[in-house]
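What's in final-v8.cif: mmCIF, C-alpha atoms and all ligand atoms
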data_final
loop_
_atom_site.label_atom_id
_atom_site.label_comp_id
_atom_site.auth_asym_id
_atom_site.auth_seq_id
_atom_site.Cartn_x
_atom_site.Cartn_y
_atom_site.Cartn_z
CA MET A 1 -27.06 38.73 -62.94
CA ASP A 2 -30.27 40.39 -64.20
CA ALA A 3 -30.78 44.15 -64.01
CA HIS A 4 -33.76 43.77 -61.67
CA ILE A 5 -31.67 41.69 -59.24
CA LYS A 6 -28.95 44.34 -59.27
CA GLU A 7 -31.53 47.07 -58.66
CA ARG A 8 -33.09 45.23 -55.72
CA MET A 9 -29.65 44.51 -54.25
CA LYS A 10 -28.85 48.23 -54.43
CA GLU A 11 -32.14 49.04 -52.73
CA ILE A 12 -31.24 46.73 -49.86
CA GLY A 13 -27.49 47.34 -49.59
CA GLY A 14 -27.17 50.85 -51.03
CA GLU A 15 -23.66 52.14 -51.68
CA THR A 16 -22.04 49.04 -50.23
CA ILE A 17 -22.74 46.95 -53.33
CA LEU A 18 -19.87 46.60 -55.78
CA PHE A 19 -20.48 44.77 -59.05
CA ASP A 20 -17.79 42.74 -60.84
CA ALA A 21 -15.32 42.99 -57.96
CA PRO A 22 -11.83 41.46 -58.39
CA MET A 23 -11.43 38.69 -55.81
CA SER A 24 -7.65 38.97 -56.19
CA GLN A 25 -7.94 42.15 -54.09
CA TYR A 26 -9.84 40.38 -51.33
CA THR A 27 -7.86 37.17 -50.88
CA THR A 28 -4.36 36.68 -49.49
CA PHE A 29 -3.30 34.53 -52.48
CA ARG A 30 -3.93 37.69 -54.58
CA VAL A 31 -5.28 35.64 -57.50
CA GLY A 32 -8.67 34.78 -58.98
CA GLY A 33 -11.35 36.26 -61.20
CA ASN A 34 -14.18 38.63 -60.37
CA VAL A 35 -17.26 38.02 -58.26
CA GLU A 36 -20.55 39.15 -59.78
CA ALA A 37 -21.34 41.30 -56.74
CA MET A 38 -19.80 42.10 -53.39
CA TYR A 39 -21.98 43.25 -50.51
CA ARG A 40 -20.55 44.70 -47.30
CA SER A 41 -23.08 44.30 -44.55
CA GLY A 42 -22.99 46.47 -41.45
CA ASN A 43 -26.09 45.36 -39.58
CA VAL A 44 -28.12 42.26 -39.03
CA GLU A 45 -31.53 43.50 -40.21
CA GLU A 46 -30.16 44.46 -43.62
CA LEU A 47 -28.16 41.24 -43.83
CA LYS A 48 -31.30 39.19 -43.13
CA GLU A 49 -33.19 41.00 -45.88
CA MET A 50 -30.39 40.44 -48.37
CA VAL A 51 -29.95 36.73 -47.53
CA VAL A 52 -33.68 36.02 -47.80
CA PHE A 53 -33.79 37.90 -51.13
CA LEU A 54 -30.79 36.01 -52.56
CA ILE A 55 -32.21 32.65 -51.50
CA ASP A 56 -35.63 33.47 -52.98
CA GLU A 57 -33.96 34.38 -56.27
CA GLY A 58 -31.69 31.30 -56.24
CA ILE A 59 -28.53 33.40 -56.21
CA PRO A 60 -25.53 31.74 -54.52
CA TYR A 61 -23.54 33.61 -51.90
CA LEU A 62 -20.25 33.09 -50.13
CA ILE A 63 -19.26 34.66 -46.83
CA LEU A 64 -15.91 36.33 -47.27
CA GLY A 65 -13.76 37.01 -44.22
CA ALA A 66 -10.21 38.19 -44.83
CA GLY A 67 -9.93 35.70 -47.72
CA SER A 68 -6.92 34.07 -46.06
CA ASN A 69 -8.08 30.50 -46.60
CA LEU A 70 -9.65 30.94 -50.04
CA LEU A 71 -8.46 30.18 -53.53
CA VAL A 72 -10.79 31.71 -56.12
CA ARG A 73 -10.34 30.21 -59.57
CA ASP A 74 -9.47 32.43 -62.56
CA GLY A 75 -13.00 32.34 -64.05
CA GLY A 76 -14.38 34.11 -60.98
CA LEU A 77 -17.38 33.52 -58.79
CA ASP A 78 -21.07 33.48 -59.61
CA GLY A 79 -23.35 35.26 -57.16
CA VAL A 80 -22.46 37.43 -54.22
CA ALA A 81 -19.55 37.64 -51.79
CA ILE A 82 -20.86 38.90 -48.46
CA VAL A 83 -18.42 40.72 -46.18
CA LEU A 84 -19.34 41.39 -42.54
CA ASP A 85 -18.32 44.92 -41.66
CA GLY A 86 -19.50 47.84 -39.49
CA SER A 87 -21.11 46.58 -36.30
CA PHE A 88 -19.96 43.05 -37.15
CA ALA A 89 -16.31 44.07 -36.98
CA SER A 90 -16.14 45.05 -33.33
CA ILE A 91 -16.20 43.73 -29.81
CA GLU A 92 -19.84 43.50 -28.81
CA ASP A 93 -19.51 42.77 -25.11
CA THR A 94 -17.09 42.04 -22.32
CA ASN A 95 -17.86 41.36 -18.72
CA MET A 96 -15.11 41.79 -16.24
CA ALA A 97 -16.84 39.75 -13.52
CA GLU A 98 -16.82 36.70 -15.77
CA PRO A 99 -13.88 36.93 -18.17
CA HIS A 100 -15.19 36.63 -21.69
CA ILE A 101 -15.50 38.61 -24.87
CA VAL A 102 -18.19 38.61 -27.57
CA ALA A 103 -16.45 39.35 -30.83
CA GLY A 104 -18.15 40.23 -34.11
CA ALA A 105 -17.48 37.85 -37.00
CA GLY A 106 -15.86 40.57 -39.11
CA LEU A 107 -13.24 41.49 -36.51
CA LEU A 108 -9.66 40.66 -37.54
CA LEU A 109 -7.96 38.11 -35.29
CA ASP A 110 -4.92 40.34 -34.67
CA LYS A 111 -7.27 43.10 -33.49
CA LEU A 112 -9.03 40.59 -31.22
CA VAL A 113 -5.70 39.50 -29.74
CA ASP A 114 -4.66 43.15 -29.18
CA LEU A 115 -7.95 44.04 -27.47
CA CYS A 116 -7.80 40.97 -25.24
CA THR A 117 -4.19 41.70 -24.33
CA GLU A 118 -5.01 45.32 -23.36
CA ARG A 119 -7.89 44.12 -21.17
CA GLY A 120 -5.86 41.41 -19.47
CA LEU A 121 -7.90 38.58 -21.03
CA ALA A 122 -5.83 35.52 -21.81
CA GLY A 123 -6.65 32.51 -23.98
CA VAL A 124 -6.50 33.67 -27.60
CA GLU A 125 -2.74 34.17 -27.89
CA PHE A 126 -2.59 31.14 -30.22
CA LEU A 127 -4.57 33.15 -32.80
CA ALA A 128 -1.89 35.89 -32.99
CA GLY A 129 -0.55 36.23 -36.51
CA ILE A 130 -3.33 34.21 -38.19
CA PRO A 131 -4.52 36.68 -40.86
CA GLY A 132 -8.26 35.92 -40.71
CA THR A 133 -11.43 37.21 -39.10
CA VAL A 134 -13.31 35.85 -36.09
CA GLY A 135 -16.05 34.44 -38.39
CA GLY A 136 -13.51 32.76 -40.65
CA ALA A 137 -11.68 31.34 -37.63
CA VAL A 138 -14.92 29.89 -36.22
CA ALA A 139 -15.97 28.44 -39.60
CA MET A 140 -12.48 26.93 -40.06
CA ASN A 141 -11.88 26.05 -36.39
CA ALA A 142 -8.56 27.89 -36.78
CA GLY A 143 -5.70 27.00 -34.52
CA SER A 144 -2.00 26.65 -34.03
CA GLU A 145 0.45 24.70 -31.93
CA GLY A 146 -2.17 22.27 -30.64
CA GLN A 147 -4.85 24.82 -29.73
CA GLU A 148 -8.04 25.51 -31.67
CA ILE A 149 -10.66 28.26 -31.39
CA LYS A 150 -13.23 25.64 -30.32
CA ASP A 151 -11.30 25.36 -27.02
CA VAL A 152 -12.40 28.88 -26.03
CA ILE A 153 -15.83 29.07 -27.69
CA GLY A 154 -18.73 29.49 -25.28
CA GLU A 155 -21.44 30.33 -27.81
CA VAL A 156 -21.80 31.28 -31.47
CA THR A 157 -24.58 33.39 -32.97
CA VAL A 158 -25.63 32.27 -36.44
CA LEU A 159 -27.97 33.65 -39.11
CA THR A 160 -29.83 30.79 -40.79
CA ARG A 161 -30.94 30.66 -44.43
CA CYS A 162 -34.47 31.49 -43.28
CA GLY A 163 -33.25 34.76 -41.79
CA VAL A 164 -33.47 33.57 -38.16
CA VAL A 165 -30.79 34.56 -35.63
CA GLU A 166 -29.88 31.59 -33.42
CA ARG A 167 -27.53 31.32 -30.46
CA ARG A 168 -25.80 27.95 -30.23
CA ASP A 169 -23.74 26.97 -27.24
CA ARG A 170 -20.50 25.04 -27.49
CA PHE A 171 -22.29 21.70 -27.15
CA GLY A 172 -24.67 22.45 -30.01
CA LEU A 173 -21.74 23.00 -32.40
CA SER A 174 -19.88 20.23 -34.27
CA PHE A 175 -16.31 21.37 -34.70
CA THR A 176 -13.91 19.22 -36.70
CA TYR A 177 -10.20 19.52 -37.50
CA ARG A 178 -10.16 22.84 -39.40
CA GLY A 179 -13.90 23.00 -39.78
CA LEU A 180 -17.34 23.52 -38.27
CA ASP A 181 -20.45 21.74 -39.50
CA LEU A 182 -22.68 24.72 -40.24
CA GLY A 183 -25.96 24.28 -42.10
CA MET A 184 -25.94 25.31 -45.76
CA GLY A 185 -25.76 29.08 -46.16
CA GLU A 186 -25.52 29.74 -42.42
CA ILE A 187 -23.56 32.80 -41.38
CA VAL A 188 -21.57 33.20 -38.17
CA LEU A 189 -22.44 36.64 -36.74
CA ASN A 190 -20.39 36.61 -33.55
CA ALA A 191 -18.69 34.35 -31.04
CA ARG A 192 -18.50 34.42 -27.29
CA LEU A 193 -15.01 33.43 -26.17
CA ASN A 194 -14.42 32.28 -22.60
CA LEU A 195 -11.09 33.60 -21.37
CA LYS A 196 -9.01 33.95 -18.20
CA PHE A 197 -7.57 36.94 -16.42
CA ASP A 198 -3.82 37.53 -16.64
CA LYS A 199 -1.43 40.47 -16.60
CA PRO A 200 -1.34 42.28 -19.96
CA ALA A 201 2.49 42.17 -19.87
CA SER A 202 2.49 38.35 -19.53
CA ILE A 203 -0.07 37.94 -22.33
CA ARG A 204 1.93 40.29 -24.57
CA LYS A 205 5.08 38.24 -23.99
CA ARG A 206 3.32 35.06 -25.16
CA VAL A 207 1.87 36.85 -28.20
CA ILE A 208 5.28 38.16 -29.23
CA SER A 209 6.93 34.76 -28.95
CA ARG A 210 4.13 33.10 -30.99
CA VAL A 211 4.47 35.70 -33.73
CA LYS A 212 8.24 35.22 -33.79
CA ARG A 213 7.92 31.44 -34.10
CA ARG A 214 5.51 31.92 -37.02
CA LYS A 215 7.96 34.27 -38.78
CA ASP A 216 10.73 31.70 -38.37
CA ARG A 217 8.65 28.78 -39.71
CA PHE A 218 6.42 30.24 -42.41
CA PRO A 219 7.09 32.18 -45.66
CA LEU A 220 5.16 35.24 -44.49
CA ASP A 221 6.81 37.59 -46.99
CA MET A 222 4.96 35.98 -49.94
CA ALA A 223 1.28 35.74 -50.89
CA SER A 224 -0.30 32.46 -49.72
CA ALA A 225 -3.30 31.04 -47.90
CA GLY A 226 -1.31 29.39 -45.13
CA SER A 227 -1.27 25.59 -44.94
CA VAL A 228 -2.73 24.18 -48.12
CA PHE A 229 -3.46 20.67 -46.79
CA LYS A 230 -4.73 19.27 -43.51
CA ASN A 231 -2.20 17.15 -41.70
CA PRO A 232 -2.97 13.44 -42.08
CA GLU A 233 -3.34 11.41 -38.88
CA ALA A 234 0.01 11.28 -37.01
CA ASP A 235 1.92 12.95 -39.86
CA HIS A 236 2.53 16.33 -41.46
CA ALA A 237 1.47 17.29 -44.96
CA GLY A 238 4.62 19.46 -45.25
CA ARG A 239 6.90 16.52 -44.40
CA LEU A 240 5.20 14.32 -47.02
CA ILE A 241 5.38 16.96 -49.76
CA ASP A 242 9.05 17.56 -48.94
CA ALA A 243 9.75 13.81 -48.96
CA VAL A 244 8.33 13.42 -52.50
CA GLY A 245 10.78 16.08 -53.66
CA LEU A 246 8.38 18.92 -54.37
CA LYS A 247 9.86 21.65 -52.15
CA GLY A 248 10.63 24.61 -54.42
CA LYS A 249 8.64 23.12 -57.36
CA ARG A 250 7.18 25.84 -59.61
CA VAL A 251 4.23 25.94 -61.99
CA GLY A 252 3.98 29.32 -63.73
CA GLY A 253 4.13 31.95 -61.00
CA ALA A 254 3.26 29.59 -58.14
CA MET A 255 5.77 27.67 -56.04
CA ILE A 256 5.78 25.12 -53.23
CA SER A 257 7.60 27.13 -50.61
CA PRO A 258 11.22 26.10 -50.05
CA LYS A 259 10.73 27.27 -46.43
CA HIS A 260 7.62 25.21 -45.60
CA ALA A 261 6.36 22.59 -48.08
CA ASN A 262 2.72 22.86 -46.95
CA PHE A 263 2.63 26.47 -48.19
CA ILE A 264 2.09 27.30 -51.85
CA VAL A 265 3.21 30.86 -52.52
CA SER A 266 2.78 33.27 -55.38
CA THR A 267 6.06 34.63 -56.70
CA GLY A 268 4.10 37.68 -57.88
CA LYS A 269 2.56 36.56 -61.16
CA ALA A 270 0.71 33.37 -60.23
CA SER A 271 -2.71 32.55 -61.60
CA ALA A 272 -5.18 30.46 -59.66
CA SER A 273 -4.70 27.66 -62.20
CA ASP A 274 -0.93 27.60 -61.45
CA ILE A 275 -1.77 27.11 -57.76
CA VAL A 276 -4.41 24.45 -58.49
CA ALA A 277 -1.86 22.59 -60.65
CA LEU A 278 0.56 22.46 -57.70
CA VAL A 279 -2.24 21.34 -55.34
CA ASP A 280 -3.08 18.49 -57.77
CA LEU A 281 0.58 17.57 -58.25
CA ALA A 282 1.28 17.37 -54.49
CA MET A 283 -1.83 15.21 -53.97
CA ALA A 284 -0.92 12.87 -56.84
CA LYS A 285 2.74 12.43 -55.79
CA VAL A 286 1.96 11.84 -52.11
CA ARG A 287 -0.74 9.33 -53.06
CA GLU A 288 1.59 7.56 -55.51
CA ILE A 289 4.58 7.31 -53.17
CA PHE A 290 3.00 7.03 -49.70
CA GLY A 291 -0.55 5.88 -50.51
CA ILE A 292 -1.85 8.83 -48.45
CA GLN A 293 -4.69 11.02 -49.70
CA LEU A 294 -4.00 14.66 -48.80
CA ILE A 295 -7.10 16.74 -48.15
CA PRO A 296 -7.01 20.47 -48.91
CA GLU A 297 -7.52 22.78 -45.95
CA ILE A 298 -7.97 25.77 -48.27
CA LYS A 299 -11.37 26.32 -49.86
CA ILE A 300 -11.14 26.27 -53.65
CA VAL A 301 -14.11 28.08 -55.18
CA GLY A 302 -15.27 29.57 -58.48
CA LYS A 303 -14.99 28.68 -62.15
CA ALA A 304 -11.83 27.54 -63.94
C1 LIG A 401 0.14 33.36 -43.87
C2 LIG A 401 -1.03 32.55 -43.36
C3 LIG A 401 -0.90 31.83 -42.21
C4 LIG A 401 -1.98 31.08 -41.72
N1 LIG A 401 -1.84 30.38 -40.55
C5 LIG A 401 -2.88 29.68 -40.05
C6 LIG A 401 -2.76 28.98 -38.80
O1 LIG A 401 -1.74 29.02 -38.13
N2 LIG A 401 -3.85 28.30 -38.36
C7 LIG A 401 -5.02 28.25 -39.06
O2 LIG A 401 -5.98 27.61 -38.59
N3 LIG A 401 -5.16 28.91 -40.23
C8 LIG A 401 -4.12 29.62 -40.74
N4 LIG A 401 -4.27 30.28 -41.94
C9 LIG A 401 -5.52 30.16 -42.72
C10 LIG A 401 -6.58 31.23 -42.41
O3 LIG A 401 -5.98 32.42 -41.93
C11 LIG A 401 -7.60 30.73 -41.40
O4 LIG A 401 -8.29 29.61 -41.90
C12 LIG A 401 -8.64 31.82 -41.05
O5 LIG A 401 -9.40 31.38 -39.97
C13 LIG A 401 -9.56 32.15 -42.24
O6 LIG A 401 -10.29 33.31 -41.87
P1 LIG A 401 -10.84 34.31 -42.98
O7 LIG A 401 -11.61 35.35 -42.30
O8 LIG A 401 -9.71 34.79 -43.84
O9 LIG A 401 -11.79 33.35 -43.80
P2 LIG A 401 -11.96 33.25 -45.39
O10 LIG A 401 -10.69 32.74 -45.98
O11 LIG A 401 -12.49 34.52 -45.93
O12 LIG A 401 -13.05 32.11 -45.48
C14 LIG A 401 -12.73 30.77 -45.14
C15 LIG A 401 -14.02 29.95 -45.10
O13 LIG A 401 -14.80 30.37 -43.98
C16 LIG A 401 -16.09 30.82 -44.41
N5 LIG A 401 -16.48 31.96 -43.58
C17 LIG A 401 -15.77 33.09 -43.35
N6 LIG A 401 -16.45 33.90 -42.52
C18 LIG A 401 -17.62 33.27 -42.23
C19 LIG A 401 -18.75 33.61 -41.43
N7 LIG A 401 -18.83 34.76 -40.77
N8 LIG A 401 -19.76 32.72 -41.38
C20 LIG A 401 -19.72 31.54 -42.05
N9 LIG A 401 -18.68 31.18 -42.81
C21 LIG A 401 -17.63 32.03 -42.91
C22 LIG A 401 -15.89 31.21 -45.87
O14 LIG A 401 -17.11 31.17 -46.59
C23 LIG A 401 -14.90 30.15 -46.32
O15 LIG A 401 -15.57 28.93 -46.60
C24 LIG A 401 -3.21 31.05 -42.43
C25 LIG A 401 -3.32 31.80 -43.61
C26 LIG A 401 -2.26 32.55 -44.08
C27 LIG A 401 -2.41 33.37 -45.32
#
For this file, produce the structure as C-alpha cells.
Ligand SMILES: Cc1cc2nc3c(=O)[nH]c(=O)nc-3n(C[C@H](O)[C@H](O)[C@H](O)COP(=O)(O)OP(=O)(O)OC[C@H]3O[C@@H](n4cnc5c(N)ncnc54)[C@H](O)[C@@H]3O)c2cc1C
Amino acid sequence: MDAHIKERMKEIGGETILFDAPMSQYTTFRVGGNVEAMYRSGNVEELKEMVVFLIDEGIPYLILGAGSNLLVRDGGLDGVAIVLDGSFASIEDTNMAEPHIVAGAGLLLDKLVDLCTERGLAGVEFLAGIPGTVGGAVAMNAGSEGQEIKDVIGEVTVLTRCGVVERRDRFGLSFTYRGLDLGMGEIVLNARLNLKFDKPASIRKRVISRVKRRKDRFPLDMASAGSVFKNPEADHAGRLIDAVGLKGKRVGGAMISPKHANFIVSTGKASASDIVALVDLAMAKVREIFGIQLIPEIKIVGKA
C-alpha cells in the first residue's frame, strides 16, 4: 500500500486506522496473517468517503464482523478490513406500538438477544449463542434449529459501492441457505427485525435452553468458526465426515472435532494451512466415498 494511500486513509479515518493488523486477533479461528489496514468506522458519512476512495484507488476491502465465519490464510489479506463500530454497533430504533427493532450491523448477536429479551421482544432467540454481529448474520443468513434471520427481516439498509444508502425490504433481498446475494462491495448498515411481544421471563427461558443445547452439541471450548460446511440436501455434513472416519483427524494444530465432525477446531497452535488441509481432506473423502460435493460455509480469504 503506497504512502499516499495510507496518508489519505488517515485523513479520512483518523486514529481508527491500524496498519498491518494481525487477523488472528479478529477471527474466532485465531489464525491467519496480517491485513494491510484495518479501519473501524463509526458513522456513515465517513464510511461512504472511505469506500468511494478505496474503490477509486482499486483497493480491495472486506467487511469484518466478529470474524466468526472467516478463515484468513497465513499470507494475510491485501487491502482493508472494515469494521462497523460506534453508531453502527447499537440499537437504532424500537417502536413499542409495532414490535420491531432496528439493529446496527456492528451489534453483537448476544447483545441483540439480551436487549430484545429485556424489552419483551420475541423472535430472535434462535440467534442466542451465535458469536457474530447483526451484519454478519444478515450477510450469512445465520440460523439454527430450522430458523434463519431472513424469517424476521423486515428491511435492510445497505451502502452501495457508489456510496449510496439504500433501504431494501424483505422482498427485494435474495436470501439463500447461509447467504444473501448482495452486490459486489455492498455493506449492510442495519437491519429492521419484525418481532412479537412476549414476557421477558418466557423469552429468557427459551434463550437459556438454546444456549444449553449448543453447549451440549458443539465444541465451544476450542477456537473454531462453527460449521465448516453447508449441509447437503437431506443430509448432514457432520454425519458424512464422521462416516468417512475423519472425526478426531489432526493436521498440525488443527483437528476435526471429536464432538461434532462439522467443526474444525484449533488445538492452540493451528495455522490456517492446517485448517485448509483438513477442509480439503474432508471434501475429498466425502466425494470419494459418497459422491457428494461438500460446500464450505466458512469464507476462506487471503493469500496462502
Ligand atoms: C462456535 C461457533 C458457532 C456458530 N454457530 C452458528 C450457528 O448456529 N448458525 C450460523 O448460522 N452460524 C454459526 N456460526 C458462524 C458465524 O457465527 C455466523 O456465520 C455469523 O453470522 C457470522 O457473523 P460475523 O459478524 O462473525 O461475520 P464475519 O465472520 O466477520 O463475516 C462473514 C461474512 O459476512 C460478511 N459481512 C460481515 N458483516 C457484513 C456487513 N455488515 N455487510 C456485508 N457483509 C458483511 C463478511 O465480509 C464475510 O464474508 C458459528 C460460529 C462459531 C465460531
_Can you measure CA of Lys10 (chain A) to CA of Tyr39 (chain A) for me? One decimal in Å is fine._
9.3 Å
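Rounded to one decimal, atom C2 of ligand LIG 401 (chain A) and CA of Arg73 (chain A) lie 18.8 Å from each other.
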Around ligand LIG 401 (chain A), with edges along x, y and z and 5 Å added on all six sides, what centre and edge lengths do you get, in Å to one decimal, as lines of an AutoDock Vina configuration file?
center_x = -9.8
center_y = 31.5
center_z = -42.4
size_x = 29.9
size_y = 17.7
size_z = 18.5
*Using CA of Arg161 (chain A) and CA of Ile91 (chain A) as the two end points, give the distance in Å to one decimal.*
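A separation of 24.5 Å between them.
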For region 49-62 of chain A, list every protein, DNA or RNA residue within 6 Å, evaluated using only C-alpha atoms, and leave out those in the same chain fewer than 3 positions away; present the list as a short mmCIF file (atom, residue, chain, number, x, y, z; two decimals) with C-alpha atoms, in the frame of the given file.
data_model
loop_
_atom_site.label_atom_id
_atom_site.label_comp_id
_atom_site.auth_asym_id
_atom_site.auth_seq_id
_atom_site.Cartn_x
_atom_site.Cartn_y
_atom_site.Cartn_z
CA GLU A 46 -30.16 44.46 -43.62
CA GLY A 79 -23.35 35.26 -57.16
CA VAL A 80 -22.46 37.43 -54.22
CA ALA A 81 -19.55 37.64 -51.79
#
_Within 6 Å of Val152 (chain A) using all atoms listed in the file, minus same-chain residues under 2 positions, as an MDAnalysis selection string_ = chainID A and resid 149:150 193:194
*Which one of A:Asn69, A:Thr160, A:Ser257, A:Asn262 sits closest to ligand LIG 401 (chain A) if you count only C-alpha atoms and all ligand atoms?*
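Using only C-alpha atoms and all ligand atoms, the shortest distance to ligand LIG 401 (chain A) belongs to A:Asn69.
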*Smallest atom-to-atom distance to Val102 (chain A): which of A:Val31, A:Met38, A:Leu195, A:Met23, using all atoms listed in the file?*
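Of A:Val31, A:Met38, A:Leu195, A:Met23, the one nearest Val102 (chain A), counting all atoms listed in the file, is A:Leu195.
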*Return as a count of residues only every polymer residue, whether protein, DNA or RNA, with at least one atom no more than 7 Å from an atom of ligand LIG 401 (chain A); count all atoms listed in the file.*
39
*asked:* Could you check the closest approach to Glu118 (chain A) for each of A:Ser24, A:Thr176, A:Gln147, A:Ser202 and tell me which residue wins, using all atoms listed in the file?
replied: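 Looking at the shortest contact to Glu118 (chain A), the residue is A:Ser202.
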